Amino acid sequence: MELVAIFISAILINNFVLYYFLGICPFLGVSKKIDSAFSMGLAVTFVMTITAVVSWVINHWILIPHELDYLKIVSFILVIASLVQLVEMFIRKISPPLYQALGIYLPLITTNCAIMGLALLAALRDYGFVEAVIFGFGSGLGFTLAIIIMAGIREQLDLAEVPEPLKGAVIALIVAGILALAFNGFIGMIK
Amino acid sequence: MMEVFVPVITMGILGLLFSLGLVFAFRKLRVYEDPKIEEVSEMLPQANCGACGYAGCRAFAEAVVKGETTPESCPVSDAEGVKQIAETLGVTAAEVVKKLARLHCRGTHEAAKDRGTYLGISTCDASHLVGGNKQCSYGCLHFGDCVRACPFDALYMSEEGLPVVIEDKCTACGKCVEACPRNLFELHPISQGIIVFCRSLDRGPVSRKVCKNACIACGICARACPEAIIIENNLAIITDYKKIDPEKIPEIEKCPTDSIGRLKKEDEG
């Protein structure tokens with residue numbers, strides 16, 4: 001039951017983008033088309049899940065036994081950077097158009113604070129291994145959900161009559177704000 | 001000592017592990033890329049200015065290698081560079097005409113009279129919105145948007161208040177042409193003899209009052225070289241640069257306001 005609560009909470013209630021406001025950069029950057037938003041979501045989900053696994057292992061097997069807590073951020077960044085490199089090579093190999101579409105945002109997953117936030121939060125909350133993995137996977141799905149909803153709205157927005165001064169990034173930020181308000185309605189669903 | 005060694009060794013081992021993993025992954029996942037792209041890319045100016053219409057020098061190199069565009073489409077590369085790229089790819093390059101940016105205005109602080117004092121945001125764009133601080137509403141605004149736009153440091157503001165093109169550095173990328181809110185910049189082939197240094201459409205007496213160096217449409221130049229120069233909307237216009245007879249240039253240069261002249265400074269007598 002505990003695991004289900006963590007999973008649901010990571011997707012909906014404590015959504016990384018819309019509750020913690022982490023990872024806004026790709027959230028706004030790659031949310032113009034649903035296709036590329038979905039791929040971005042998958043890439044982030046993959047990196048998040050593996051990060052959760054590897055950072056848990058490093059934290060519990062290496063850092064805590066040797067009292068090296070202060071190396072958390074440095075070692076987690078190492079994990080994230082390597083994983084992103086791996087994902088980048090992989091995507092470039094299997095789908096060059098997708099690689100083009102994701103552009104600079106793909107290597108920028110490295111500096112996506114949502115992933116760093118995930119690793120640090122999992123360590124802070126003292127999650128067990130399974131809990132951490134579920135938390136990582138759920139957070140990735142949450143990010144994917146948020147970015148797809150955003151992309152869907154923005155595709156519709158292209159057809160809408162937006163007042164001149166609100167065009168582009170402005171209306172995107174307003175939409176993101178309203179979306180965050182809506183997601184805040186989930187607070188209190190799980191104690 | 002231990003508290004220093006343990007973290008260093010830990011991070012070292014972790015780094016080594018991850019890099020080995022990446023090396024292994026790279027072996028498996030490497031994407032074959034035409035080595036010519038890298039070669040061509042190195043021959044390009046690496047200014048990433050976008051004047052060719054591609055996202056950057058790298059994207060341009062890819063397009064050239066694929067044959068989507070031609071080496072001379074890079075306006076920043078000089079003739080030598082274009083030839084090099086063409087040789088690498090085994091194609092012949094078209095003749096490159098070296099161009100220079102030129103400001104079509106000679107309204108220095110001294111020559112053009114002020115309308116008032118402008119205390120707003122000090123950019124040409126902002127100043128242009130309220131009409132500029134010169135009485136002439138066609139001339140240079142002196143705030144140097146073009147200087148800031150130039151990616152090659154080929155422009156500077158002279159003490160007289162006009163942007164000056166450093167000819168050796170100018171690559172005719174066209175950024176200044178875009179930057180000027182009054183469209184005073186134009187790219188001219190270097191071989192071209194003479195240009196009109198004014199864009200004012202005010203009537204002669206008005207132009208004469210607001211700026212010492214404005215074209216007053218007196219018609220001296222048009223009479224000297226009627227086949228190439230006409231007066232239209234109170235301004236001398238060169239209709240066909242090729243038809244200008246070099247021998248007539250001294251005659252044309254008798255302009256009373258010095259608003260028509262040679263393209264290159266050193267050509268001036």
# chains A, B, ... in the order shown; residues from 1 in each chain; ligands from 1
>>> interface_residues(of="chain B", to="chain A", cutoff="10 Å", atoms="only C-alpha atoms", output="VMD selection string")
chain B and resid 3 6 to 7 10 to 11 14 to 15 18 to 19 21 to 23 25 to 26 28 to 32
>>> residues_around(residues="A:Leu106", least_positions_apart="6", cutoff="9 Å", atoms="only C-alpha atoms", output="mmCIF file with all heavy atoms, in the first residue's frame")
data_model
loop_
_atom_site.group_PDB
_atom_site.id
_atom_site.type_symbol
_atom_site.label_atom_id
_atom_site.label_comp_id
_atom_site.auth_asym_id
_atom_site.auth_seq_id
_atom_site.Cartn_x
_atom_site.Cartn_y
_atom_site.Cartn_z
ATOM 1 N N PRO A 26 13.108 21.972 -19.881
ATOM 2 C CA PRO A 26 12.608 21.127 -20.976
ATOM 3 C C PRO A 26 11.081 21.143 -21.038
ATOM 4 O O PRO A 26 10.509 20.991 -22.117
ATOM 5 C CB PRO A 26 13.123 19.729 -20.635
ATOM 6 C CG PRO A 26 13.420 19.774 -19.196
ATOM 7 C CD PRO A 26 13.787 21.182 -18.854
ATOM 8 N N MET A 40 10.680 13.039 -25.132
ATOM 9 C CA MET A 40 11.428 13.694 -24.052
ATOM 10 C C MET A 40 11.029 13.091 -22.720
ATOM 11 O O MET A 40 11.877 12.780 -21.881
ATOM 12 C CB MET A 40 11.119 15.194 -24.069
ATOM 13 C CG MET A 40 11.951 15.994 -23.118
ATOM 14 S SD MET A 40 13.638 16.057 -23.709
ATOM 15 C CE MET A 40 14.418 16.829 -22.329
ATOM 16 N N ALA A 43 12.623 9.738 -22.338
ATOM 17 C CA ALA A 43 14.052 9.846 -22.044
ATOM 18 C C ALA A 43 14.263 10.226 -20.582
ATOM 19 O O ALA A 43 15.090 9.635 -19.881
ATOM 20 C CB ALA A 43 14.707 10.882 -22.961
ATOM 21 N N VAL A 84 22.922 10.395 -19.098
ATOM 22 C CA VAL A 84 22.422 11.220 -20.190
ATOM 23 C C VAL A 84 23.261 10.995 -21.448
ATOM 24 O O VAL A 84 22.732 10.884 -22.556
ATOM 25 C CB VAL A 84 22.414 12.709 -19.790
ATOM 26 C CG1 VAL A 84 22.135 13.579 -20.995
ATOM 27 C CG2 VAL A 84 21.368 12.951 -18.734
ATOM 28 N N VAL A 87 22.041 7.830 -22.969
ATOM 29 C CA VAL A 87 20.748 8.002 -23.637
ATOM 30 C C VAL A 87 20.947 8.749 -24.957
ATOM 31 O O VAL A 87 20.359 8.408 -25.982
ATOM 32 C CB VAL A 87 19.762 8.770 -22.730
ATOM 33 C CG1 VAL A 87 18.490 9.106 -23.480
ATOM 34 C CG2 VAL A 87 19.431 7.942 -21.514
ATOM 35 N N GLU A 88 21.826 9.766 -24.921
ATOM 36 C CA GLU A 88 22.065 10.559 -26.119
ATOM 37 C C GLU A 88 22.609 9.679 -27.248
ATOM 38 O O GLU A 88 22.125 9.711 -28.380
ATOM 39 C CB GLU A 88 23.048 11.678 -25.792
ATOM 40 C CG GLU A 88 23.029 12.778 -26.820
ATOM 41 C CD GLU A 88 24.040 13.860 -26.503
ATOM 42 O OE1 GLU A 88 24.438 13.997 -25.338
ATOM 43 O OE2 GLU A 88 24.436 14.555 -27.451
ATOM 44 N N TYR A 99 16.613 12.734 -32.481
ATOM 45 C CA TYR A 99 17.800 13.396 -31.952
ATOM 46 C C TYR A 99 17.793 14.867 -32.350
ATOM 47 O O TYR A 99 18.071 15.757 -31.544
ATOM 48 C CB TYR A 99 19.030 12.691 -32.513
ATOM 49 C CG TYR A 99 20.348 13.246 -32.043
ATOM 50 C CD1 TYR A 99 20.805 12.997 -30.751
ATOM 51 C CD2 TYR A 99 21.143 14.000 -32.894
ATOM 52 C CE1 TYR A 99 22.011 13.499 -30.328
ATOM 53 C CE2 TYR A 99 22.349 14.508 -32.475
ATOM 54 C CZ TYR A 99 22.775 14.255 -31.184
ATOM 55 O OH TYR A 99 23.978 14.761 -30.774
#
>>> atom_distance(atom1="atom CA of B:Glu38", atom2="atom CA of B:Ala149")
28.2 Å
>>> select_by_dssp(residues="stretch 32-238 of chain B", states="helix (DSSP H, G or I)", output="number ranges by chain")
B: 35-43, 57-66, 71-73, 79-89, 124-129, 145-149, 175-179, 204-210, 220-224
>>> residues_around(residues="A:Ile50", least_positions_apart="2", cutoff="9 Å", atoms="only C-alpha atoms", output="short mmCIF file (atom, residue, chain, number, x, y, z; two decimals) with N, CA, C and O atoms, in the first residue's frame")
data_model
loop_
_atom_site.label_atom_id
_atom_site.label_comp_id
_atom_site.auth_asym_id
_atom_site.auth_seq_id
_atom_site.Cartn_x
_atom_site.Cartn_y
_atom_site.Cartn_z
N THR A 45 12.12 9.79 -18.11
CA THR A 45 11.69 8.67 -17.26
C THR A 45 12.80 7.63 -17.14
O THR A 45 13.11 7.15 -16.04
N PHE A 46 13.41 7.32 -18.29
CA PHE A 46 14.50 6.34 -18.28
C PHE A 46 15.63 6.81 -17.38
O PHE A 46 16.07 6.09 -16.48
N VAL A 47 16.08 8.06 -17.62
CA VAL A 47 17.19 8.58 -16.82
C VAL A 47 16.82 8.63 -15.35
O VAL A 47 17.61 8.26 -14.48
N MET A 48 15.57 9.02 -15.05
CA MET A 48 15.14 9.12 -13.64
C MET A 48 15.16 7.75 -12.96
O MET A 48 15.68 7.61 -11.84
N ALA A 52 17.61 6.72 -10.01
CA ALA A 52 17.13 6.29 -8.69
C ALA A 52 17.84 5.03 -8.24
O ALA A 52 18.30 4.92 -7.10
N VAL A 53 17.98 4.06 -9.16
CA VAL A 53 18.64 2.79 -8.82
C VAL A 53 20.10 3.05 -8.45
O VAL A 53 20.56 2.71 -7.35
N VAL A 54 20.83 3.68 -9.38
CA VAL A 54 22.29 3.82 -9.20
C VAL A 54 22.61 4.72 -8.02
O VAL A 54 23.50 4.42 -7.22
N SER A 55 21.82 5.81 -7.87
CA SER A 55 22.15 6.72 -6.77
C SER A 55 21.83 6.06 -5.42
O SER A 55 22.53 6.27 -4.44
N ILE A 80 24.19 11.07 -13.21
CA ILE A 80 23.24 11.65 -14.17
C ILE A 80 23.92 11.97 -15.48
O ILE A 80 23.42 11.62 -16.57
N LEU A 83 24.58 8.85 -17.48
CA LEU A 83 23.35 8.28 -18.02
C LEU A 83 22.84 9.07 -19.22
O LEU A 83 22.41 8.50 -20.22
N VAL A 133 13.10 3.10 -6.39
CA VAL A 133 12.87 2.80 -7.80
C VAL A 133 11.46 3.23 -8.21
O VAL A 133 11.26 3.87 -9.25
N GLY A 136 11.33 6.92 -8.46
CA GLY A 136 11.99 7.41 -9.68
C GLY A 136 11.11 7.20 -10.89
O GLY A 136 10.90 8.12 -11.69
N PHE A 137 10.58 6.00 -11.03
CA PHE A 137 9.75 5.68 -12.18
C PHE A 137 8.49 6.55 -12.20
O PHE A 137 8.12 7.13 -13.23
#
>>> closest_residue(among="A:Val30, A:Ala37, A:Val57, A:Met1", to="A:Ala122", atoms="only C-alpha atoms")
A:Val57
>>> residues_around(residues="A:Leu108", least_positions_apart="3", cutoff="9 Å", atoms="only C-alpha atoms", output="ChimeraX atom specification")
/A:25-26,84,104-105,111-112
>>> write_last_selection(atoms="N, CA and C atoms", output="compact mmCIF listing (two decimals), in the first residue's frame")
# COMPACT_ATOMS: atom_id res chain seq x y z
N CYS A 25 12.74 23.91 -17.59
CA CYS A 25 13.41 24.22 -18.87
C CYS A 25 12.97 23.30 -20.01
N PRO A 26 13.11 21.97 -19.88
CA PRO A 26 12.61 21.13 -20.98
C PRO A 26 11.08 21.14 -21.04
N VAL A 84 22.92 10.40 -19.10
CA VAL A 84 22.42 11.22 -20.19
C VAL A 84 23.26 11.00 -21.45
N ILE A 104 19.13 20.53 -28.25
CA ILE A 104 19.98 20.85 -27.10
C ILE A 104 19.37 20.34 -25.80
N TYR A 105 18.04 20.09 -25.80
CA TYR A 105 17.39 19.70 -24.55
C TYR A 105 17.79 18.30 -24.10
N THR A 111 21.45 18.77 -16.71
CA THR A 111 21.27 19.86 -15.77
C THR A 111 19.81 20.03 -15.39
N ASN A 112 18.99 19.01 -15.72
CA ASN A 112 17.59 19.07 -15.34
C ASN A 112 17.50 18.87 -13.83
>>> closest_residue(among="A:Ile115, A:Ile134, A:Val175, A:Leu102", to="A:Phe38", atoms="only C-alpha atoms")
A:Leu102
